[in-house]
Amino acid sequence: MKEKWYQEKTKKKNGPKAERKKLKKHGGPTEEDARKRNPKAFAVQSAVRMAKTFHRSQDMKTKKHHIPLVDRTPLEPPPIVIVVVGPPKVGKSTLIRCLIKNFTRQKLGDICGPVTIVSGKKRRLTFMECNNDINTMIDLAKVADLVLMLIDASFGFEMETFEFLNICQVHGFPRIMGVLTHLDSFKNNKVLRKTKKNLKHRFWTEVYQGAKLFYLSGMVYGEYQLQEVKNLGRFISVMKFRPLVWQTSHPYVLVDRMEDLTDPELVRTDPKCDRTVSLYGYLRGTHLKNKGQVHIPGVGDFQVADVNFLPDPCALPDAQKKRALNEKERLLYAPMAGVGGVVYDKDAVYIDLPASHVNQQQEMRPTTELVQSLIDTHATLDAKMAASKVSLFSGSATLEPEDIEKEGLQEESVWDPNTQRERRKVVFTTEDEEDVSGSSDDEDGDSEDSDQEDQGEDDGEKNLSTFLKEARAKCVETTKTGAGAPPVKRPKLEERKGESAEVPAFADSEDDLEVSEDEEESGGEEEAGRAGDSGHCSEEDEEESDDGEEESEGESGEDDVAADAAMKEKIASEEEEEEEEEEEEEEVEEEEELCCEFSILLFLSAGGLKWKEGLQQKASDAFLRQQQAAPNLRKRVYGSVVEVDDSEDEEQELGGLFRVSRPQNSKKFQANAVDSSRFSPDASHNWELEEMLNSIRDCFVTGKWDESQDAATLLKEDEEMYGDFEDLETGEVHKDHTGENDDDDDDQEESVVKVDDKEAMKNKRLEKKQRLKERFDSEYDDGDATYFDDLKEEMQKQAELNRAEFEDVDDETRVQYEGFRPGMYVRLEIPSLPCEFVTNFDPHYPIILGGLGSSEGNVGYLQMRLKKHRWYHRILKTRDPLILSLGWRRFQTMPLYHIEDHNGRHRLLKYTPQHMHCGASIWGPVTPQGTGFLAVQTVAGVKANFRIAATGVVLDLDKSVTVVKKLKLIGYPEKIFKNTSFIKGMFNTVLEVAKFEGASVRTVSGVRGQIKKALSTPAGAFRATFEDRLLMSDVVFLRSWFPVTIPQLYNPVTSLLLPVGQKDSWAGMRTLGQLKHDLGIRNKPNADSLYKPVVRAQRHFNRLQIPKELQKALPFKSKPKQLQPKGKTPRDLQRPSVIREPHEKKVAALLHALSTVHNYNRKKAHTLQHAKHKQFLQEKGKQEEAKLQRQKEARKKLYRAMGQADQKNQRSSLKGAPKDD
Amino acid sequence: MCLQNNNMASQGLAYDGCNFFRQRLVLSTLSGKRVKISNIRSKDDNPGLRDFEASFIRLLDKVTNGSKIEINQTGTVLFYMPGLLHGGSVEHDCNMQRSVGYYLEALLMLAPFMKTSLKATLRGVTNDHTDPTIDMLKSTALPLMKKFGIDGEGFDLKVVKRGMAPGGGGEVFFSCPVRRTIRPVQLTDPGKIKRIRGVAYSVRVSPQMANRIVDSTRSVLNQFIPDIYIYTDHMKGANSGKSPGFGLTLVAETLNGSFLSAEMSSTPQGQGDPMLPEDLGRNCAKLLLEEVHRGGCVDSSNQSLTLLLMTLGQQDVSKVLLGPLSPYTIEFLRHIKDFFQIMFKIEVQKPSEDKRKGGDKVLMTCVGVGYSNINKTLK
């Protein structure tokens, strides 16, 4: 007992043995071990097989690769569009209802329009039901991320299912999940299992092997079973999606709300007037640019008037660490479905309050509140915003919406107790940059305000930021000492408000600049003291000096006050004044633009001389310029695009025809200036000066380098890294000394500088480590990095850059740079929509706004590759109208089918080939190459047959076509000489012949020739030479190719404009066959083409006559036989018949009897003899056999004796010989 | 603007005056938007389009298919409906009023987006005062385009014959492959200048002129860097055009492969005072210093080309550091906004006090429109 305890104690706890044991315990034997233990098992058995397995594994690996794409998904992606498809009565609405209930615990009545819900912490879903209309199916297939394909298992697949699958295949393949319903109708379990299996395998062949198929086994109280729905929901919420090409390259919106903005008065007076409509929805796909073009499938192409982004009505919950969503976060947004008791009908909104639910009040969750507020609008958001007021502080006056509209800057009249008058205060709302400067001058701003105003402003009333003022004041002094610029006449500025409204972000700083120009005039006295050329005075100086003067304009107030965000005083609006001022500002604007343009040019180019100016100025400048430079530039470029001002023309008019002809004023001059990209420098830089030369020294490799790139530092670091090494030959060990040196350096430095270098040292060390690591990585990782990996890494980097670039910019500004990014809830205003869009609005039909690329709004010729669908039962005819779904669009067009000959010629076909691709050329919307399309013949009604007629892809776009058809011109010889003939009837005039001179012609019999020259008479006849003499019966033809024109028909399918209930009955142009059928026209067939009973005449052939001589020479076998029947024997050859006497008769009878007996006896004897002989032969055979046997025996005996004798002889000869001797 | 086809959303733009004529037509061609330019020199004594502009329109017509151009009787109003860029072999006799650079600048912008690769032969004035010369475009614009992925076989610009200002008689061959998409770029660090190269050319004057130019240029530039080599290019006989003249193109190449250039050519024969080659060399060197002072990854004459290629890139962020924006570039930015609704983020970068790296720089950032070449055939 004790011993055992001891053993336990002394069990090895460390050492290699214990380690091995531990390893075994934890990880078990590794592969490495197995290799070591049993090397034979891992040895190469067959090099060929090894190569094969290697190849295969590599193949499998590369097969998995996709072309890497830059990941452009936004941080907060839009809701996933789930389209629920299936034939009618299959349970689509029930499934949506169940899923919504599963996610949000809310019940929805009628599902119409998209329903958006928050399903998880990071996922939102938009459900959309797809009805049985092929238009809807096509539209929704283009926007779907996930398709729930409902299949009635009790019935099996229906045509719609396959149609939808094919539509999906063409327009990029979204995720597809099958859902089998009506499984409870099967009573027999075996049948059920078999059906499931069959359906599953058919589904797999259509989608892909192993595609997910869900089974909803049965209904409980009109809903699917809870657990099954839950499972489906789980599947949906973890699903991943591969980006589809069309969707990721185009912005699109699945509209979930529509408002008519048209003036009701206009509608009253003209009910058919074009409507202005605002459409709402989540932006998906890619960035949407403002004022872009959109296509609304089923309506047409439109120009977007305005886009705004709105607060997300169905926002994702804030990031919190928790597992599930709470009840408040399970939002539901479906304005078209009338969530919150609001039901949409045509153009009215009804609020539905069931009597039993009145007291319940929907428990006023924030969800419903928001939705309600969004829904209960007749007015647009803008209008509502206009009506609403906001107060920032309790008890303070409210802010008018105009303030916000003016994007940040707004004047408000304020009662100033000091001066006893009303003052216009600028209210500033946004802008970070301004806040920076604003915060500093908040305190003393108020005190200084009053002083400055008193000094001498008459009309301008505003707050001034003292900081700016002071800075400017300084500048005035400095510039005064220098040479002053000649005062420039500038227009007087009263008020500028629109300017700031144009570009909100940098409005303030830009205005500073502009103010400067305006005020030069007002502060005339000060300017007089200034002189000098502007070339040597940087733009800031000018500006600041100006600003130092009294700011008498309202505008300067705007911007300055922009800085101080103090809004504690009472605010009251003063709108009338503003309106007046607005008029003036427009005129002034463009002239100002010019001035500012000029001055900035100076600023940009004169930067080089800045160091010359006083340092005192620099200090104050630095801050200001930091604030201003960038915005100024931006404003200068974009804020004020010079617009044509019509008012100017009016001014110049001197009544009637005459105009004042002025020498080109500056603006006009600019409009017609020399168009050159050269940027000629201004003469300000004197490159003779040493200072100037020094200013660019570091641009050259000979100049000073950055600390991080300097060769000396790099060398030192290299030494640190690779400093120690051992010379293997000599065995000498080189030690690194740089470390010590470093220390020395540090000591020296420490004496000079302070201890805060520690931080720097730390950074330096970190940097060095980083570099070391990079170098290590590059040496050891890049070895096996493939091209694919590099590409992926590059994409990754780009994606990161894309994300990071505009991350910290506020949305308002970001939208201007990037466009509206996907995931935003946007409102698009579209003018001039047809009134039917509004009057016939049906929320069951999806409204999609598909953004178009820059040139996708044009039409041209498209060349496509097309194949008739194998399930479509007819071939397609050239020039028959066909409805195509291409890009976002559905349109009718008239394709020409053609095929490419081996010489590259596109030959027209009358019909599409049965089972082959062919080319198709259409006149249609310009769409990028590689876009898939599908074609249907009609979109109206439901047909039993498969409706998709053809599918294909766009190959080429052009403004001209190259399709030709064969044309054979026929002529007849008129006169024939040797090899030359005159041909007539091919052409009508000499001119026509002249065009074809030298063309080759041919006769039907194959004689080739050439057209030489036209004859004078008859008109159109010509001389031609042939390789042989023609006959008058020959037909001469000329084969030529005739270019075909494509009918320019582009007719968008406007199915959404049809009245409610008839939206699936759009009928466009009819095919020729349909037209004839409808009009009862029957073609008179060509009489020659009709089938008649064939009458064949009996044919007679003459006998073959062989000459007598020949007959004689023939052998008997080949001689013609006497084939004719025997004729009557001639009389002389006929023999007379013999008649016997009775006696003779008796004799003959007796003889006959006797001979019969004789014959019988003879026969009998013969048989007897025969038998006897047979027996004899038998016996003889037996005897013979016995004899042979005997002889055989005897012979045997004899040979034996002979053999023995022989043997004896031999033995005796061997034995006895020596004895005998 | 008139909406031409009833069903389409594509709208047109309207402008006034003939300034920035090329920008408007080029952007219109690339974006597919119609353009109407009115009041072209309407108040001028000689109203309407000039010959060189008409020649430019003719060139545009040659490289496109299906363009519709309408000009009113006085030539003061131009309506342009762009077709599709076709490319192929094009020969064009450029008008003598402007140099080939005027036409070539537009072709550089259009060439990567053609249906078939462009092989253009342009005849006319190769070097003059107003426009960037061929040598400059060859040494700066081509390497710049290579950074955007426009590269490979058949990307070439050759001066076959040199023709100086009034007489012309030069010939230039330009070929460019076709691209489907343009790569986004990040050109934020120009790097330090490692070498300066140049071409001093002279035609129909003494070959000694070029050598004199070289000497005077080196005298200025040697203060900065020793690695200077200026080729002398003296063309004779049929290759020398019709007018005498000489000039210099200087290119500074940085470590990161960006090129800054400056150029100067002699005053055209019979116009103004003749110029001494020494003066020309010195002034040109100073122009190069000016260009270096402006700095950036792209020189001032190629700013607009860079910005265009950034705009037409994929939907990714592109960045480029430029020197001060030229007025031409500023207008180009506005036009890009009109045609493509793309706005650039413009940030001014101040050089720090201790660094002697010239003036302010501007960092331009944009997200591409995701342009893909719709002209290229899919096979």
# chains A, B, ... in the order shown; residues from 1 in each chain; ligands from 1
call {"tool": "closest_atom_pairs", "arguments": {"of": "chain B", "to": "chain A", "cutoff": "7 Å", "atoms": "only C-alpha atoms", "output": "Markdown table"}}
result
| residue | atom | partner | partner_atom | distance |
| --- | --- | --- | --- | --- |
| B:Asn7 | CA | A:Asp301 | CA | 6.3 |
| B:Met8 | CA | A:Asp301 | CA | 5.3 |
| B:Ala9 | CA | A:Asp301 | CA | 4.9 |
| B:Ser10 | CA | A:Gly857 | CA | 4.6 |
| B:Asp16 | CA | A:Ala671 | CA | 6.5 |
| B:Gly17 | CA | A:Ala671 | CA | 4.5 |
| B:Cys18 | CA | A:Asn672 | CA | 4.8 |
| B:Asn19 | CA | A:Asn672 | CA | 4.7 |
| B:Phe20 | CA | A:Asp675 | CA | 5.2 |
| B:Phe21 | CA | A:Asp675 | CA | 6.8 |
| B:Ser31 | CA | A:Ser854 | CA | 5.3 |
| B:Gly32 | CA | A:Ser855 | CA | 4.7 |
| B:Ile40 | CA | A:Asn672 | CA | 6.8 |
| B:Arg41 | CA | A:Asn672 | CA | 6.0 |
| B:Asn65 | CA | A:Lys959 | CA | 6.1 |
| B:Gly66 | CA | A:Lys959 | CA | 5.2 |
| B:Gly83 | CA | A:Lys959 | CA | 6.8 |
| B:Leu84 | CA | A:Asp958 | CA | 6.5 |
| B:Thr130 | CA | A:Ser676 | CA | 6.5 |
| B:Asp131 | CA | A:Ser676 | CA | 6.0 |
| B:Pro132 | CA | A:Arg678 | CA | 6.5 |
| B:Lys192 | CA | A:Phe700 | CA | 4.9 |
| B:Ile193 | CA | A:Phe700 | CA | 4.4 |
| B:Lys194 | CA | A:Val701 | CA | 5.5 |
| B:Phe224 | CA | A:Arg697 | CA | 6.9 |
| B:Ile225 | CA | A:Thr702 | CA | 6.4 |
| B:Lys286 | CA | A:Trp687 | CA | 6.3 |
| B:His293 | CA | A:Ile696 | CA | 5.9 |
| B:Ser300 | CA | A:Phe679 | CA | 6.2 |
| B:Ser301 | CA | A:Arg678 | CA | 5.3 |
| B:Asp316 | CA | A:Asn802 | CA | 6.0 |
| B:Val317 | CA | A:Asn802 | CA | 5.3 |
| B:Pro324 | CA | A:Leu604 | CA | 5.7 |
| B:Ser326 | CA | A:Phe679 | CA | 5.7 |
| B:Tyr328 | CA | A:Ser677 | CA | 5.7 |
| B:Ile330 | CA | A:Val637 | CA | 5.8 |
| B:Leu333 | CA | A:Val637 | CA | 7.0 |
| B:Arg334 | CA | A:Tyr638 | CA | 6.2 |
| B:Phe340 | CA | A:Ser854 | CA | 6.9 |
| B:Gln341 | CA | A:Lys289 | CA | 6.3 |
| B:Ile342 | CA | A:Tyr817 | CA | 6.7 |
| B:Met343 | CA | A:Tyr817 | CA | 5.1 |
| B:Phe344 | CA | A:Tyr817 | CA | 6.3 |
| B:Lys345 | CA | A:Tyr817 | CA | 6.7 |
| B:Ile346 | CA | A:Arg634 | CA | 6.0 |
| B:Glu347 | CA | A:Ala630 | CA | 5.1 |
| B:Val348 | CA | A:Ala630 | CA | 5.2 |
| B:Lys355 | CA | A:Asp698 | CA | 6.8 |
| B:Arg356 | CA | A:Ser695 | CA | 4.7 |
| B:Lys357 | CA | A:Ile696 | CA | 4.7 |
| B:Gly358 | CA | A:Ile696 | CA | 4.9 |
| B:Gly359 | CA | A:Gly608 | CA | 5.3 |
| B:Asp360 | CA | A:Gly607 | CA | 6.6 |
| B:Cys366 | CA | A:Tyr817 | CA | 6.9 |
| B:Val367 | CA | A:Glu818 | CA | 6.1 |
| B:Ile374 | CA | A:Pro928 | CA | 5.4 |
| B:Asn375 | CA | A:Leu957 | CA | 6.2 |
| B:Thr377 | CA | A:Asp956 | CA | 4.9 |
| B:Leu378 | CA | A:Leu955 | CA | 4.9 |
| B:Lys379 | CA | A:Leu955 | CA | 6.8 |
call {"tool": "select_by_dssp", "arguments": {"residues": "stretch 102-210 of chain B", "states": "alpha helix (DSSP H)", "output": "list of chain:residue names"}}
result
B:Tyr102, B:Tyr103, B:Leu104, B:Glu105, B:Ala106, B:Leu107, B:Leu108, B:Met109, B:Leu110, B:Ile134, B:Asp135, B:Met136, B:Leu142, B:Pro143, B:Leu144, B:Met145, B:Lys146, B:Lys147, B:Gln208, B:Met209, B:Ala210
call {"tool": "write_last_selection", "arguments": {"atoms": "N, CA and C atoms", "output": "tab-separated table (two decimals), in the first residue's frame"}}
result
chain	number	residue	atom	x	y	z
B	102	TYR	N	-3.98	69.41	-79.22
B	102	TYR	CA	-5.37	69.80	-78.99
B	102	TYR	C	-6.30	68.64	-79.30
B	103	TYR	N	-6.03	67.97	-80.41
B	103	TYR	CA	-6.88	66.86	-80.82
B	103	TYR	C	-6.54	65.61	-80.03
B	104	LEU	N	-5.25	65.46	-79.79
B	104	LEU	CA	-4.79	64.23	-79.15
B	104	LEU	C	-5.25	64.15	-77.69
B	105	GLU	N	-5.34	65.29	-77.05
B	105	GLU	CA	-5.80	65.28	-75.66
B	105	GLU	C	-7.18	64.66	-75.55
B	106	ALA	N	-8.03	65.00	-76.51
B	106	ALA	CA	-9.37	64.42	-76.50
B	106	ALA	C	-9.32	62.94	-76.85
B	107	LEU	N	-8.46	62.59	-77.79
B	107	LEU	CA	-8.37	61.18	-78.18
B	107	LEU	C	-7.87	60.32	-77.02
B	108	LEU	N	-6.96	60.89	-76.24
B	108	LEU	CA	-6.43	60.14	-75.09
B	108	LEU	C	-7.57	59.78	-74.14
B	109	MET	N	-8.51	60.69	-74.01
B	109	MET	CA	-9.63	60.44	-73.11
B	109	MET	C	-10.60	59.41	-73.69
B	110	LEU	N	-10.73	59.41	-74.98
B	110	LEU	CA	-11.73	58.54	-75.59
B	110	LEU	C	-11.19	57.16	-75.94
B	134	ILE	N	3.35	67.03	-78.50
B	134	ILE	CA	3.34	65.57	-78.57
B	134	ILE	C	4.37	64.98	-77.62
B	135	ASP	N	5.55	65.59	-77.59
B	135	ASP	CA	6.60	65.04	-76.73
B	135	ASP	C	6.17	65.02	-75.28
B	136	MET	N	5.46	66.04	-74.90
B	136	MET	CA	5.02	66.13	-73.51
B	136	MET	C	3.95	65.08	-73.23
B	142	LEU	N	1.07	59.15	-71.27
B	142	LEU	CA	1.07	57.70	-71.48
B	142	LEU	C	1.43	56.93	-70.22
B	143	PRO	N	2.51	57.30	-69.53
B	143	PRO	CA	2.77	56.58	-68.28
B	143	PRO	C	1.65	56.75	-67.26
B	144	LEU	N	0.99	57.88	-67.32
B	144	LEU	CA	-0.13	58.10	-66.41
B	144	LEU	C	-1.26	57.13	-66.71
B	145	MET	N	-1.56	56.96	-67.98
B	145	MET	CA	-2.65	56.06	-68.34
B	145	MET	C	-2.31	54.62	-67.99
B	146	LYS	N	-1.04	54.31	-68.01
B	146	LYS	CA	-0.63	52.95	-67.66
B	146	LYS	C	-1.00	52.64	-66.21
B	147	LYS	N	-1.00	53.65	-65.38
B	147	LYS	CA	-1.35	53.42	-63.98
B	147	LYS	C	-2.81	53.06	-63.82
B	208	GLN	N	22.85	73.05	-84.22
B	208	GLN	CA	23.56	73.54	-83.04
B	208	GLN	C	22.59	74.14	-82.02
B	209	MET	N	21.44	74.56	-82.53
B	209	MET	CA	20.43	75.17	-81.66
B	209	MET	C	20.10	74.26	-80.48
B	210	ALA	N	19.89	72.99	-80.79
B	210	ALA	CA	19.50	72.05	-79.75
B	210	ALA	C	20.58	71.95	-78.68
call {"tool": "residues_around", "arguments": {"residues": "stretch 258-261 of chain B", "least_positions_apart": "6", "cutoff": "9 Å", "atoms": "only C-alpha atoms", "output": "PyMOL selection string"}}
result
chain B and resi 136+139-141+143-144+187+190-191+193+198+249-252+287-288+291-292+295-301
call {"tool": "atom_distance", "arguments": {"atom1": "atom CA of A:Gln914", "atom2": "atom CA of A:Tyr897"}}
result
12.5 Å
call {"tool": "residues_around", "arguments": {"residues": "B:Glu153", "least_positions_apart": "6", "cutoff": "10 Å", "atoms": "only C-alpha atoms", "output": "list in words"}}
result
Ser175, Cys176 and Pro177 of chain B
call {"tool": "write_last_selection", "arguments": {"atoms": "C-alpha atoms", "output": "compact mmCIF listing (two decimals), in the first residue's frame"}}
result
# COMPACT_ATOMS: atom_id res chain seq x y z
CA SER B 175 -2.54 53.70 -80.98
CA CYS B 176 -4.32 52.59 -77.84
CA PRO B 177 -5.79 49.28 -76.75
call {"tool": "residues_around", "arguments": {"residues": "A:Leu146", "least_positions_apart": "6", "cutoff": "7 Å", "atoms": "only C-alpha atoms", "output": "ChimeraX atom specification"}}
result
/A:81-83,174-176
call {"tool": "write_last_selection", "arguments": {"atoms": "N, CA and C atoms", "output": "PDB file, in the first residue's frame"}}
result
ATOM      1  N   VAL A  81     -34.520  41.118 -49.820  1.00  0.00           N
ATOM      2  CA  VAL A  81     -35.805  40.975 -50.488  1.00  0.00           C
ATOM      3  C   VAL A  81     -36.125  39.498 -50.646  1.00  0.00           C
ATOM      4  N   ILE A  82     -37.201  39.094 -50.005  1.00  0.00           N
ATOM      5  CA  ILE A  82     -37.628  37.704 -50.128  1.00  0.00           C
ATOM      6  C   ILE A  82     -38.908  37.687 -50.942  1.00  0.00           C
ATOM      7  N   VAL A  83     -38.841  37.063 -52.078  1.00  0.00           N
ATOM      8  CA  VAL A  83     -40.007  37.004 -52.950  1.00  0.00           C
ATOM      9  C   VAL A  83     -40.642  35.635 -52.788  1.00  0.00           C
ATOM     10  N   PRO A 174     -30.830  34.384 -58.202  1.00  0.00           N
ATOM     11  CA  PRO A 174     -30.894  34.636 -56.757  1.00  0.00           C
ATOM     12  C   PRO A 174     -30.984  33.294 -56.015  1.00  0.00           C
ATOM     13  N   ARG A 175     -30.814  33.359 -54.699  1.00  0.00           N
ATOM     14  CA  ARG A 175     -30.979  32.146 -53.904  1.00  0.00           C
ATOM     15  C   ARG A 175     -32.406  31.649 -54.042  1.00  0.00           C
ATOM     16  N   ILE A 176     -32.573  30.360 -54.221  1.00  0.00           N
ATOM     17  CA  ILE A 176     -33.917  29.813 -54.361  1.00  0.00           C
ATOM     18  C   ILE A 176     -34.113  28.691 -53.350  1.00  0.00           C
TER      19      ILE A 176
END
call {"tool": "select_by_dssp", "arguments": {"residues": "stretch 87-122 of chain A", "states": "strand (DSSP E or B)", "output": "count of residues only"}}
result
4
call {"tool": "atom_distance", "arguments": {"atom1": "atom CA of A:Gly1181", "atom2": "atom CA of A:Leu1198"}}
result
25.5 Å
call {"tool": "residues_around", "arguments": {"residues": "B:Val35", "least_positions_apart": "5", "cutoff": "9 Å", "atoms": "only C-alpha atoms", "output": "ChimeraX atom specification"}}
result
/B:1,11-15,24-25,28,78-82
